[in-house]
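Engineer: My structure is in target.pdb, and what it holds is PDB, C-alpha atoms and all ligand atoms:
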ATOM      1  CA  MET A  17     164.280 114.358 245.761
ATOM      2  CA  PRO A  18     163.244 115.341 242.183
ATOM      3  CA  GLN A  19     159.502 115.120 241.644
ATOM      4  CA  ILE A  20     157.504 114.832 238.443
ATOM      5  CA  TYR A  21     153.736 114.745 238.185
ATOM      6  CA  LEU A  22     151.184 113.603 235.655
ATOM      7  CA  LEU A  23     148.201 115.937 235.486
ATOM      8  CA  ALA A  24     145.213 113.948 234.260
ATOM      9  CA  HIS A  25     141.524 113.337 234.888
ATOM     10  CA  PRO A  26     140.967 110.498 235.493
ATOM     11  CA  ALA A  27     144.551 109.536 236.301
ATOM     12  CA  GLY A  28     144.325 105.755 236.565
ATOM     13  CA  HIS A  29     144.850 104.569 232.978
ATOM     14  CA  SER A  30     148.177 106.134 232.027
ATOM     15  CA  LEU A  31     151.301 104.041 231.483
ATOM     16  CA  SER A  32     153.553 107.076 232.073
ATOM     17  CA  PRO A  33     154.129 106.478 235.817
ATOM     18  CA  LEU A  34     155.419 102.926 235.356
ATOM     19  CA  MET A  35     157.432 103.918 232.279
ATOM     20  CA  HIS A  36     159.211 106.784 234.082
ATOM     21  CA  ARG A  37     159.679 104.824 237.295
ATOM     22  CA  ALA A  38     161.397 102.138 235.183
ATOM     23  CA  ALA A  39     163.661 104.863 233.789
ATOM     24  CA  PHE A  40     164.513 106.067 237.316
ATOM     25  CA  ALA A  41     165.293 102.495 238.402
ATOM     26  CA  ALA A  42     167.480 101.835 235.333
ATOM     27  CA  LEU A  43     169.587 104.946 235.999
ATOM     28  CA  GLY A  44     169.542 104.786 239.813
ATOM     29  CA  ILE A  45     167.679 108.098 240.074
ATOM     30  CA  GLU A  46     166.014 108.692 243.424
ATOM     31  CA  GLY A  47     162.941 110.450 242.123
ATOM     32  CA  ARG A  48     159.168 110.414 242.334
ATOM     33  CA  TYR A  49     156.730 110.244 239.426
ATOM     34  CA  GLU A  50     153.136 110.528 240.659
ATOM     35  CA  ALA A  51     149.847 110.641 238.802
ATOM     36  CA  TRP A  52     147.579 113.426 240.046
ATOM     37  CA  ASP A  53     143.863 113.258 239.384
ATOM     38  CA  VAL A  54     143.158 116.918 238.637
ATOM     39  CA  PRO A  55     139.572 117.906 237.813
ATOM     40  CA  PRO A  56     139.442 120.821 235.334
ATOM     41  CA  ALA A  57     138.548 123.400 238.015
ATOM     42  CA  ALA A  58     141.668 122.449 240.023
ATOM     43  CA  LEU A  59     144.110 122.793 237.105
ATOM     44  CA  PRO A  60     145.338 126.363 237.886
ATOM     45  CA  GLU A  61     146.240 125.390 241.467
ATOM     46  CA  ALA A  62     147.944 122.159 240.325
ATOM     47  CA  VAL A  63     150.035 124.135 237.813
ATOM     48  CA  MET A  64     151.046 126.606 240.554
ATOM     49  CA  ARG A  65     152.415 123.682 242.593
ATOM     50  CA  LEU A  66     154.683 122.731 239.685
ATOM     51  CA  ARG A  67     156.701 125.896 240.428
ATOM     52  CA  GLU A  68     158.003 124.468 243.719
ATOM     53  CA  PRO A  69     161.811 123.948 243.757
ATOM     54  CA  GLU A  70     161.821 120.145 244.093
ATOM     55  CA  VAL A  71     159.463 119.716 241.103
ATOM     56  CA  LEU A  72     161.283 119.120 237.782
ATOM     57  CA  GLY A  73     158.095 119.270 235.758
ATOM     58  CA  ALA A  74     155.081 117.302 234.631
ATOM     59  CA  ASN A  75     153.329 115.363 231.952
ATOM     60  CA  VAL A  76     149.904 116.630 230.969
ATOM     61  CA  THR A  77     147.214 114.481 229.424
ATOM     62  CA  ILE A  78     143.461 114.262 228.794
ATOM     63  CA  PRO A  79     141.632 116.595 229.372
ATOM     64  CA  HIS A  80     144.271 119.240 230.166
ATOM     65  CA  LYS A  81     146.579 119.358 227.108
ATOM     66  CA  GLN A  82     145.025 122.556 225.729
ATOM     67  CA  ALA A  83     143.749 124.122 228.963
ATOM     68  CA  VAL A  84     147.224 124.092 230.534
ATOM     69  CA  MET A  85     148.732 126.349 227.848
ATOM     70  CA  PRO A  86     147.593 129.785 229.103
ATOM     71  CA  LEU A  87     148.644 128.827 232.652
ATOM     72  CA  LEU A  88     152.319 128.464 231.639
ATOM     73  CA  ASP A  89     154.986 131.184 231.305
ATOM     74  CA  GLU A  90     156.185 130.030 227.889
ATOM     75  CA  VAL A  91     155.225 127.468 225.259
ATOM     76  CA  THR A  92     157.486 126.192 222.455
ATOM     77  CA  ASP A  93     156.650 127.160 218.868
ATOM     78  CA  ALA A  94     155.904 123.508 218.072
ATOM     79  CA  ALA A  95     153.460 123.114 220.965
ATOM     80  CA  LEU A  96     151.821 126.395 219.973
ATOM     81  CA  ALA A  97     151.385 125.219 216.363
ATOM     82  CA  ILE A  98     150.078 121.823 217.461
ATOM     83  CA  GLY A  99     147.825 123.470 220.040
ATOM     84  CA  ALA A 100     148.701 121.113 222.897
ATOM     85  CA  VAL A 101     151.285 120.708 225.668
ATOM     86  CA  ASN A 102     152.083 117.263 227.074
ATOM     87  CA  THR A 103     155.294 118.119 228.968
ATOM     88  CA  VAL A 104     156.082 120.967 231.373
ATOM     89  CA  ILE A 105     159.569 121.894 232.605
ATOM     90  CA  ASN A 106     159.975 123.845 235.829
ATOM     91  CA  ASP A 107     163.045 126.061 235.393
ATOM     92  CA  GLU A 108     163.384 127.744 238.816
ATOM     93  CA  GLY A 109     159.704 128.641 238.914
ATOM     94  CA  TRP A 110     159.419 129.449 235.184
ATOM     95  CA  LEU A 111     157.133 126.927 233.487
ATOM     96  CA  LEU A 112     157.884 125.976 229.869
ATOM     97  CA  GLY A 113     155.436 123.850 227.878
ATOM     98  CA  HIS A 114     156.566 121.325 225.222
ATOM     99  CA  ASN A 115     154.885 118.816 222.967
ATOM    100  CA  THR A 116     156.888 115.572 222.807
ATOM    101  CA  ASP A 117     154.225 113.593 220.873
ATOM    102  CA  ALA A 118     155.555 115.070 217.607
ATOM    103  CA  PRO A 119     159.253 114.131 218.067
ATOM    104  CA  GLY A 120     158.157 110.838 219.679
ATOM    105  CA  PHE A 121     156.146 109.893 216.606
ATOM    106  CA  LEU A 122     158.961 110.890 214.247
ATOM    107  CA  GLN A 123     161.514 108.854 216.201
ATOM    108  CA  ALA A 124     159.236 105.797 216.072
ATOM    109  CA  LEU A 125     158.828 106.215 212.316
ATOM    110  CA  LEU A 126     162.567 106.552 211.710
ATOM    111  CA  GLU A 127     163.241 103.531 213.921
ATOM    112  CA  ALA A 128     160.819 101.564 211.708
ATOM    113  CA  GLY A 129     162.997 102.521 208.735
ATOM    114  CA  PHE A 130     160.609 105.056 207.211
ATOM    115  CA  ASP A 131     162.001 108.492 206.311
ATOM    116  CA  PRO A 132     159.026 110.799 205.592
ATOM    117  CA  LEU A 133     161.017 113.106 203.288
ATOM    118  CA  GLY A 134     159.174 113.469 199.970
ATOM    119  CA  ARG A 135     156.634 110.715 200.752
ATOM    120  CA  ARG A 136     152.894 110.368 200.103
ATOM    121  CA  VAL A 137     150.990 110.007 203.385
ATOM    122  CA  VAL A 138     147.347 109.525 204.393
ATOM    123  CA  LEU A 139     146.427 110.517 207.937
ATOM    124  CA  LEU A 140     143.159 109.314 209.484
ATOM    125  CA  GLY A 141     141.840 111.661 212.191
ATOM    126  CA  ALA A 142     142.124 115.338 213.067
ATOM    127  CA  GLY A 143     142.162 115.280 216.894
ATOM    128  CA  GLY A 144     144.984 116.273 219.222
ATOM    129  CA  SER A 145     147.355 113.458 218.306
ATOM    130  CA  ALA A 146     146.659 113.926 214.578
ATOM    131  CA  ARG A 147     147.884 117.516 214.875
ATOM    132  CA  ALA A 148     151.129 116.372 216.535
ATOM    133  CA  VAL A 149     151.639 113.689 213.860
ATOM    134  CA  ALA A 150     150.881 116.128 211.011
ATOM    135  CA  TYR A 151     153.297 118.679 212.497
ATOM    136  CA  ALA A 152     156.022 116.011 212.738
ATOM    137  CA  LEU A 153     155.450 114.884 209.143
ATOM    138  CA  LEU A 154     155.362 118.371 207.639
ATOM    139  CA  THR A 155     158.491 119.493 209.461
ATOM    140  CA  ALA A 156     160.228 116.246 208.357
ATOM    141  CA  GLY A 157     159.566 117.050 204.702
ATOM    142  CA  VAL A 158     156.461 115.086 203.699
ATOM    143  CA  THR A 159     155.351 116.569 200.379
ATOM    144  CA  ASP A 160     151.914 114.986 199.987
ATOM    145  CA  LEU A 161     149.848 114.846 203.170
ATOM    146  CA  ALA A 162     146.152 113.997 202.916
ATOM    147  CA  VAL A 163     143.848 113.957 205.953
ATOM    148  CA  TYR A 164     140.524 112.219 206.351
ATOM    149  CA  ASN A 165     138.321 112.830 209.383
ATOM    150  CA  ARG A 166     134.755 111.916 210.297
ATOM    151  CA  SER A 167     134.123 115.612 211.017
ATOM    152  CA  PRO A 168     135.587 117.407 207.967
ATOM    153  CA  ASP A 169     135.573 120.833 209.640
ATOM    154  CA  LYS A 170     138.318 119.702 212.052
ATOM    155  CA  ALA A 171     140.470 118.472 209.151
ATOM    156  CA  GLN A 172     139.893 121.793 207.352
ATOM    157  CA  ALA A 173     140.931 123.707 210.482
ATOM    158  CA  MET A 174     144.111 121.644 210.734
ATOM    159  CA  ALA A 175     144.965 122.279 207.067
ATOM    160  CA  GLN A 176     144.406 125.986 207.593
ATOM    161  CA  ASP A 177     146.472 126.115 210.816
ATOM    162  CA  PHE A 178     149.432 124.293 209.200
ATOM    163  CA  ARG A 179     149.442 126.110 205.839
ATOM    164  CA  ALA A 180     152.758 127.819 206.660
ATOM    165  CA  LEU A 181     154.383 124.362 207.062
ATOM    166  CA  GLY A 182     153.017 122.788 203.872
ATOM    167  CA  VAL A 183     149.925 121.714 201.985
ATOM    168  CA  VAL A 184     147.457 119.446 203.784
ATOM    169  CA  ASN A 185     144.791 118.037 201.444
ATOM    170  CA  VAL A 186     141.462 117.316 203.093
ATOM    171  CA  LEU A 187     139.884 114.144 201.679
ATOM    172  CA  ASN A 188     136.171 113.623 201.238
ATOM    173  CA  PRO A 189     134.699 110.080 201.435
ATOM    174  CA  GLU A 190     135.076 109.620 197.637
ATOM    175  CA  GLY A 191     138.720 110.689 197.718
ATOM    176  CA  LEU A 192     139.648 108.344 200.567
ATOM    177  CA  GLU A 193     139.904 105.107 198.573
ATOM    178  CA  PRO A 194     142.306 106.236 195.799
ATOM    179  CA  ALA A 195     144.440 108.147 198.307
ATOM    180  CA  VAL A 196     144.756 105.127 200.633
ATOM    181  CA  ARG A 197     145.555 102.709 197.798
ATOM    182  CA  THR A 198     148.497 104.802 196.603
ATOM    183  CA  ALA A 199     149.776 105.972 200.013
ATOM    184  CA  GLU A 200     153.329 105.070 201.024
ATOM    185  CA  LEU A 201     152.390 105.571 204.676
ATOM    186  CA  LEU A 202     148.931 105.291 206.260
ATOM    187  CA  ILE A 203     148.510 106.413 209.868
ATOM    188  CA  ASN A 204     145.490 105.951 212.103
ATOM    189  CA  THR A 205     145.204 108.626 214.781
ATOM    190  CA  THR A 206     141.483 108.133 215.405
ATOM    191  CA  SER A 207     140.383 106.258 218.509
ATOM    192  CA  VAL A 208     138.584 103.668 216.333
ATOM    193  CA  GLY A 209     139.950 100.267 217.355
ATOM    194  CA  MET A 210     141.088 101.377 220.828
ATOM    195  CA  VAL A 211     140.177  99.317 223.916
ATOM    196  CA  GLN A 212     137.323 101.104 225.715
ATOM    197  CA  GLY A 213     136.139 100.067 229.157
ATOM    198  CA  GLY A 214     138.455  97.040 229.026
ATOM    199  CA  VAL A 215     136.887  95.787 225.776
ATOM    200  CA  ASP A 216     138.690  95.477 222.428
ATOM    201  CA  PRO A 217     136.059  96.640 219.921
ATOM    202  CA  ASP A 218     137.902  94.863 217.060
ATOM    203  CA  LEU A 219     137.118  97.717 214.667
ATOM    204  CA  SER A 220     139.108  99.236 211.817
ATOM    205  CA  PRO A 221     138.902 102.926 210.885
ATOM    206  CA  LEU A 222     138.916 101.918 207.185
ATOM    207  CA  PRO A 223     136.117 100.315 205.154
ATOM    208  CA  GLN A 224     136.433  96.515 204.770
ATOM    209  CA  GLY A 225     139.105  95.568 202.233
ATOM    210  CA  LEU A 226     140.615  99.041 201.826
ATOM    211  CA  LEU A 227     144.397  99.141 202.427
ATOM    212  CA  PRO A 228     147.419 100.655 200.682
ATOM    213  CA  HIS A 229     148.897  98.568 197.850
ATOM    214  CA  HIS A 230     152.330  98.798 199.477
ATOM    215  CA  GLY A 231     154.209 100.685 202.178
ATOM    216  CA  LEU A 232     153.864 101.079 205.931
ATOM    217  CA  VAL A 233     150.635 101.042 207.978
ATOM    218  CA  CYS A 234     150.877 102.737 211.360
ATOM    219  CA  ASP A 235     148.336 102.813 214.181
ATOM    220  CA  ILE A 236     149.192 105.060 217.127
ATOM    221  CA  ILE A 237     146.753 103.159 219.358
ATOM    222  CA  TYR A 238     148.714 101.022 221.856
ATOM    223  CA  ARG A 239     145.754  99.318 223.586
ATOM    224  CA  PRO A 240     145.445  96.775 222.027
ATOM    225  CA  VAL A 241     149.028  96.412 220.853
ATOM    226  CA  GLN A 242     147.773  94.826 217.601
ATOM    227  CA  THR A 243     144.687  96.650 216.376
ATOM    228  CA  ARG A 244     142.421  95.214 213.732
ATOM    229  CA  LEU A 245     143.907  97.662 211.204
ATOM    230  CA  LEU A 246     147.429  96.352 211.909
ATOM    231  CA  ARG A 247     146.345  92.718 211.780
ATOM    232  CA  GLU A 248     144.608  93.227 208.426
ATOM    233  CA  ALA A 249     147.611  95.123 207.057
ATOM    234  CA  ALA A 250     150.038  92.393 208.178
ATOM    235  CA  ALA A 251     147.784  89.723 206.648
ATOM    236  CA  ALA A 252     147.947  91.662 203.351
ATOM    237  CA  GLY A 253     151.749  91.549 203.491
ATOM    238  CA  LEU A 254     152.231  95.208 204.507
ATOM    239  CA  ARG A 255     154.741  96.450 207.055
ATOM    240  CA  THR A 256     153.147  97.678 210.304
ATOM    241  CA  LEU A 257     154.005  99.936 213.229
ATOM    242  CA  GLY A 258     151.934 100.065 216.442
ATOM    243  CA  GLY A 259     151.605 102.834 219.031
ATOM    244  CA  VAL A 260     154.018 101.514 221.670
ATOM    245  CA  ALA A 261     157.126 103.010 220.036
ATOM    246  CA  MET A 262     155.560 106.502 219.872
ATOM    247  CA  LEU A 263     154.478 106.215 223.513
ATOM    248  CA  VAL A 264     157.989 105.244 224.598
ATOM    249  CA  TYR A 265     159.753 107.905 222.502
ATOM    250  CA  GLN A 266     157.453 110.737 223.625
ATOM    251  CA  GLY A 267     158.221 109.635 227.194
ATOM    252  CA  ALA A 268     161.939 109.500 226.408
ATOM    253  CA  ALA A 269     161.800 113.049 225.001
ATOM    254  CA  SER A 270     160.040 114.240 228.178
ATOM    255  CA  PHE A 271     162.675 112.509 230.328
ATOM    256  CA  THR A 272     165.449 114.277 228.422
ATOM    257  CA  ALA A 273     163.642 117.608 228.789
ATOM    258  CA  TRP A 274     163.543 117.191 232.598
ATOM    259  CA  PHE A 275     166.937 115.593 233.245
ATOM    260  CA  GLY A 276     169.013 116.841 230.316
ATOM    261  CA  ALA A 277     170.194 113.251 229.839
ATOM    262  CA  GLU A 278     169.500 110.449 227.408
ATOM    263  CA  ALA A 279     166.569 108.282 228.485
ATOM    264  CA  PRO A 280     166.970 104.517 229.070
ATOM    265  CA  VAL A 281     164.610 103.663 226.217
ATOM    266  CA  GLY A 282     165.058  99.892 226.534
ATOM    267  CA  ALA A 283     163.962  99.844 230.181
ATOM    268  CA  MET A 284     161.017 102.150 229.436
ATOM    269  CA  ARG A 285     159.855 100.007 226.516
ATOM    270  CA  ALA A 286     160.192  96.784 228.536
ATOM    271  CA  ALA A 287     158.027  98.237 231.322
ATOM    272  CA  VAL A 288     155.333  99.318 228.864
ATOM    273  CA  GLU A 289     155.365  96.014 226.993
ATOM    274  CA  GLU A 290     155.089  94.069 230.241
ATOM    275  CA  ALA A 291     152.118  96.195 231.347
ATOM    276  CA  LEU A 292     150.383  95.742 227.989
ATOM    277  CA  GLY A 293     151.011  92.008 228.024
TER
HETATM  278  P1  LIG B   1     140.970 113.056 220.163
HETATM  279  O1  LIG B   1     141.630 114.387 220.157
HETATM  280  O2  LIG B   1     139.742 112.859 220.980
HETATM  281  O3  LIG B   1     140.629 112.687 218.622
HETATM  282  C1  LIG B   1     139.891 111.531 218.333
HETATM  283  C2  LIG B   1     139.851 111.328 216.812
HETATM  284  O4  LIG B   1     139.168 110.087 216.557
HETATM  285  C3  LIG B   1     139.083 112.420 216.053
HETATM  286  O5  LIG B   1     139.651 112.587 214.775
HETATM  287  C4  LIG B   1     137.682 111.777 215.961
HETATM  288  O6  LIG B   1     136.907 112.258 214.881
HETATM  289  C5  LIG B   1     138.040 110.341 215.702
HETATM  290  N1  LIG B   1     136.963 109.422 216.055
HETATM  291  C6  LIG B   1     136.530 109.100 217.302
HETATM  292  N2  LIG B   1     135.517 108.210 217.227
HETATM  293  C7  LIG B   1     135.310 107.972 215.892
HETATM  294  C8  LIG B   1     134.413 107.129 215.171
HETATM  295  N3  LIG B   1     133.507 106.362 215.785
HETATM  296  N4  LIG B   1     134.492 107.119 213.815
HETATM  297  C9  LIG B   1     135.406 107.883 213.171
HETATM  298  N5  LIG B   1     136.281 108.699 213.801
HETATM  299  C10 LIG B   1     136.234 108.747 215.152
HETATM  300  O7  LIG B   1     141.969 111.899 220.628
HETATM  301  P2  LIG B   1     143.565 111.863 220.516
HETATM  302  O8  LIG B   1     144.148 112.455 221.735
HETATM  303  O9  LIG B   1     143.964 112.407 219.186
HETATM  304  O10 LIG B   1     143.843 110.279 220.593
HETATM  305  C11 LIG B   1     143.446 109.406 219.544
HETATM  306  C12 LIG B   1     144.069 108.027 219.742
HETATM  307  O11 LIG B   1     145.490 108.121 219.710
HETATM  308  C13 LIG B   1     143.723 107.365 221.076
HETATM  309  O12 LIG B   1     143.470 105.999 220.826
HETATM  310  C14 LIG B   1     144.986 107.515 221.895
HETATM  311  O13 LIG B   1     145.174 106.466 222.824
HETATM  312  C15 LIG B   1     146.049 107.435 220.823
HETATM  313  N6  LIG B   1     147.299 108.140 221.191
HETATM  314  C16 LIG B   1     148.456 107.426 221.205
HETATM  315  C17 LIG B   1     149.651 108.049 221.536
HETATM  316  C18 LIG B   1     150.928 107.250 221.563
HETATM  317  O14 LIG B   1     151.901 107.737 222.149
HETATM  318  N7  LIG B   1     150.997 106.098 220.931
HETATM  319  C19 LIG B   1     149.665 109.417 221.848
HETATM  320  C20 LIG B   1     148.468 110.130 221.818
HETATM  321  C21 LIG B   1     147.274 109.471 221.485
HETATM  322  P3  LIG B   1     135.913 113.530 215.068
HETATM  323  O15 LIG B   1     136.775 114.749 214.918
HETATM  324  O16 LIG B   1     134.938 113.366 213.960
HETATM  325  O17 LIG B   1     135.302 113.406 216.432
END
How does the structure come out when it is put into structure tokens?

Structural biologist:
Amino acid sequence: MPQIYLLAHPAGHSLSPLMHRAAFAALGIEGRYEAWDVPPAALPEAVMRLREPEVLGANVTIPHKQAVMPLLDEVTDAALAIGAVNTVINDEGWLLGHNTDAPGFLQALLEAGFDPLGRRVVLLGAGGSARAVAYALLTAGVTDLAVYNRSPDKAQAMAQDFRALGVVNVLNPEGLEPAVRTAELLINTTSVGMVQGGVDPDLSPLPQGLLPHHGLVCDIIYRPVQTRLLREAAAAGLRTLGGVAMLVYQGAASFTAWFGAEAPVGAMRAAVEEALG
């Protein structure tokens, strides 16, 4: 029976097991998808177990997305540039690391009717997901990408790391307002507004009243489904995109990497939406 694991610590909060089990059920696949709580010290041994013949691969999440990279045999160029692996394929004992957050985000954006080619974009955050989003945008032809992060050194490092792909402008607090007002796409990749400890903090990553004049506002947070940023943007008449679509499409890309088949996206999305209420 094909087996897939999620390497995480803690392992309890992820929606990946129910999303992939829904995919198995939709396609009649007799497979197992199990979350493994792997403390950092146990990661090398857990990765070794992925080489076993019945294991198709794994998802990797917090806190292992970077630490797993040197334990693999090969990592795609995209995952190397982003600096994180979220999907591992076991090819007869040879472990290949992918990053499906980048194509997952791009697919969600295209589904929302937004083609990034030649557009002006403001990205909030410079953490792991921001790097995947920036990589997706730059490789899809965004010409004006500006990043704002609480810790400017991380935004500077990202701009430096991606300079071969395109120009990333690092915004200071004074530059944030004019850049946001004229952006065609604003994306929040910070964790500001995310449910923590079961509580919705009802916070926006932007100062009160600051929103683009037009365009699409995207928040990759999926808990809650409607963040304060999205609610304020919708109230201002802007189009919005939440984090569920990216979650589903990164999972769909992982599924395709393991099974070489198209993922049942509808069943995966329905399972996630039911779990999120
Ligand atoms: P991360 O690597 O820890 O980065 C967190 C980011 O949030 C950093 O830019 C950090 O700024 C910023 N931040 C945190 N607290 C802040 C505060 N109080 N004020 C201002 N900025 C703050 O996390 P991540 O993996 O990128 O994940 C970020 C969010 O994306 C999470 O909510 C996660 O659930 C979501 N996500 C969604 C998907 C999806 O499929 N939809 C995929 C991945 C992640 P500093 O650099 O200054 O600390």

Engineer: When distances are computed from all atoms listed in the file, which of A:Glu200, A:Glu108, A:Asp218, A:Glu61 shows the smallest separation from Leu245 (chain A)?

Structural biologist: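 Selected residue with least distance to Leu245 (chain A): A:Asp218.
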
Engineer: With the PyMOL selection byres (((chain A and resi 91-93) around 7) and not hetatm) as the selection, what would be picked from this file? Answer as a PyMOL selection string, please.

Structural biologist: chain A and resi 90+94-97+112-114

Engineer: Please list as a ChimeraX atom specification every residue within 12 Å of Gly28 (chain A), counting only C-alpha atoms and excluding residues in the same chain fewer than 4 positions away.

Structural biologist: /A:22-24,32-34,50-54,77-78

Engineer: Name the residues that the PyMOL selection byres (((chain A and resi 288) around 12) and not hetatm) picks from the file above, as a VMD selection string, using the file's chain letters and numbers.

Structural biologist: chain A and resid 30 to 39 238 to 239 241 259 to 265 267 281 to 287 289 to 293

Engineer: Take the residues that were just selected and, keeping C-alpha atoms, output them as a compact mmCIF listing (two decimals), keeping the file's coordinate frame.

Structural biologist:
# COMPACT_ATOMS: atom_id res chain seq x y z
CA SER A 30 148.18 106.13 232.03
CA LEU A 31 151.30 104.04 231.48
CA SER A 32 153.55 107.08 232.07
CA PRO A 33 154.13 106.48 235.82
CA LEU A 34 155.42 102.93 235.36
CA MET A 35 157.43 103.92 232.28
CA HIS A 36 159.21 106.78 234.08
CA ARG A 37 159.68 104.82 237.30
CA ALA A 38 161.40 102.14 235.18
CA ALA A 39 163.66 104.86 233.79
CA TYR A 238 148.71 101.02 221.86
CA ARG A 239 145.75 99.32 223.59
CA VAL A 241 149.03 96.41 220.85
CA GLY A 259 151.60 102.83 219.03
CA VAL A 260 154.02 101.51 221.67
CA ALA A 261 157.13 103.01 220.04
CA MET A 262 155.56 106.50 219.87
CA LEU A 263 154.48 106.22 223.51
CA VAL A 264 157.99 105.24 224.60
CA TYR A 265 159.75 107.90 222.50
CA GLY A 267 158.22 109.64 227.19
CA VAL A 281 164.61 103.66 226.22
CA GLY A 282 165.06 99.89 226.53
CA ALA A 283 163.96 99.84 230.18
CA MET A 284 161.02 102.15 229.44
CA ARG A 285 159.85 100.01 226.52
CA ALA A 286 160.19 96.78 228.54
CA ALA A 287 158.03 98.24 231.32
CA GLU A 289 155.36 96.01 226.99
CA GLU A 290 155.09 94.07 230.24
CA ALA A 291 152.12 96.20 231.35
CA LEU A 292 150.38 95.74 227.99
CA GLY A 293 151.01 92.01 228.02

Engineer: Residues of chain A within 8 Å of ligand LIG 1 (chain B): nearest atom pair and distance (Å, one decimal) for each, counting only C-alpha atoms and all ligand atoms, sorted by chain and number, as CSV?

Structural biologist:
residue,atom,partner,partner_atom,distance
A:Ile78,CA,B:LIG1,O8,7.3
A:Asp117,CA,B:LIG1,C19,6.3
A:Gly120,CA,B:LIG1,O14,7.4
A:Phe121,CA,B:LIG1,O14,7.3
A:Leu140,CA,B:LIG1,O5,7.1
A:Gly141,CA,B:LIG1,O5,3.5
A:Ala142,CA,B:LIG1,O5,4.1
A:Gly143,CA,B:LIG1,O1,3.4
A:Gly144,CA,B:LIG1,O1,4.0
A:Ser145,CA,B:LIG1,O9,3.7
A:Ala146,CA,B:LIG1,O9,5.6
A:Arg147,CA,B:LIG1,O9,7.7
A:Asn165,CA,B:LIG1,O5,5.6
A:Arg166,CA,B:LIG1,O16,3.9
A:Ser167,CA,B:LIG1,O16,3.8
A:Pro168,CA,B:LIG1,O16,7.3
A:Lys170,CA,B:LIG1,O15,5.9
A:Ala171,CA,B:LIG1,O15,7.8
A:Asn204,CA,B:LIG1,O11,7.9
A:Thr205,CA,B:LIG1,O11,5.0
A:Thr206,CA,B:LIG1,O4,3.2
A:Ser207,CA,B:LIG1,O12,3.9
A:Val208,CA,B:LIG1,C7,5.4
A:Gly209,CA,B:LIG1,O12,7.6
A:Met210,CA,B:LIG1,O12,5.2
A:Pro221,CA,B:LIG1,C9,6.5
A:Asp235,CA,B:LIG1,N7,8.0
A:Ile236,CA,B:LIG1,N7,4.3
A:Ile237,CA,B:LIG1,C15,4.6
A:Tyr238,CA,B:LIG1,N7,5.6
A:Arg239,CA,B:LIG1,O13,7.2
A:Gly258,CA,B:LIG1,N7,7.6
A:Gly259,CA,B:LIG1,N7,3.8
A:Val260,CA,B:LIG1,N7,5.5
A:Ala261,CA,B:LIG1,N7,6.9
A:Met262,CA,B:LIG1,O14,4.5
A:Leu263,CA,B:LIG1,O14,3.3
A:Val264,CA,B:LIG1,O14,7.0
A:Tyr265,CA,B:LIG1,O14,7.9
A:Gln266,CA,B:LIG1,O14,6.5

Engineer: Give the answer as one residue: which of A:Ala41, A:Ala58, A:Met85, A:Val186 has the shortest atom-to-atom distance to His25 (chain A), using all atoms listed in the file?

Structural biologist: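 Of A:Ala41, A:Ala58, A:Met85, A:Val186, the one nearest His25 (chain A), counting all atoms listed in the file, is A:Ala58.
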
Engineer: Quick check, in Å to one decimal: how far apart do CA of Asp107 (chain A) and CA of Gly73 (chain A) lie?

Structural biologist: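 Between CA of Asp107 (chain A) and CA of Gly73 (chain A) the gap is 8.4 Å.
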
Engineer: Give as a list in words the residues that the PyMOL selection byres (((chain A and resi 161) around 7) and not hetatm) matches when applied to the coordinates above.

Structural biologist: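 What the PyMOL selection byres (((chain A and resi 161) around 7) and not hetatm) grabs from the file is Arg136, Val137, Val138, Val158, Thr159, Asp160, Ala162, Val163, Val183, Val184 and Asn185 of chain A.
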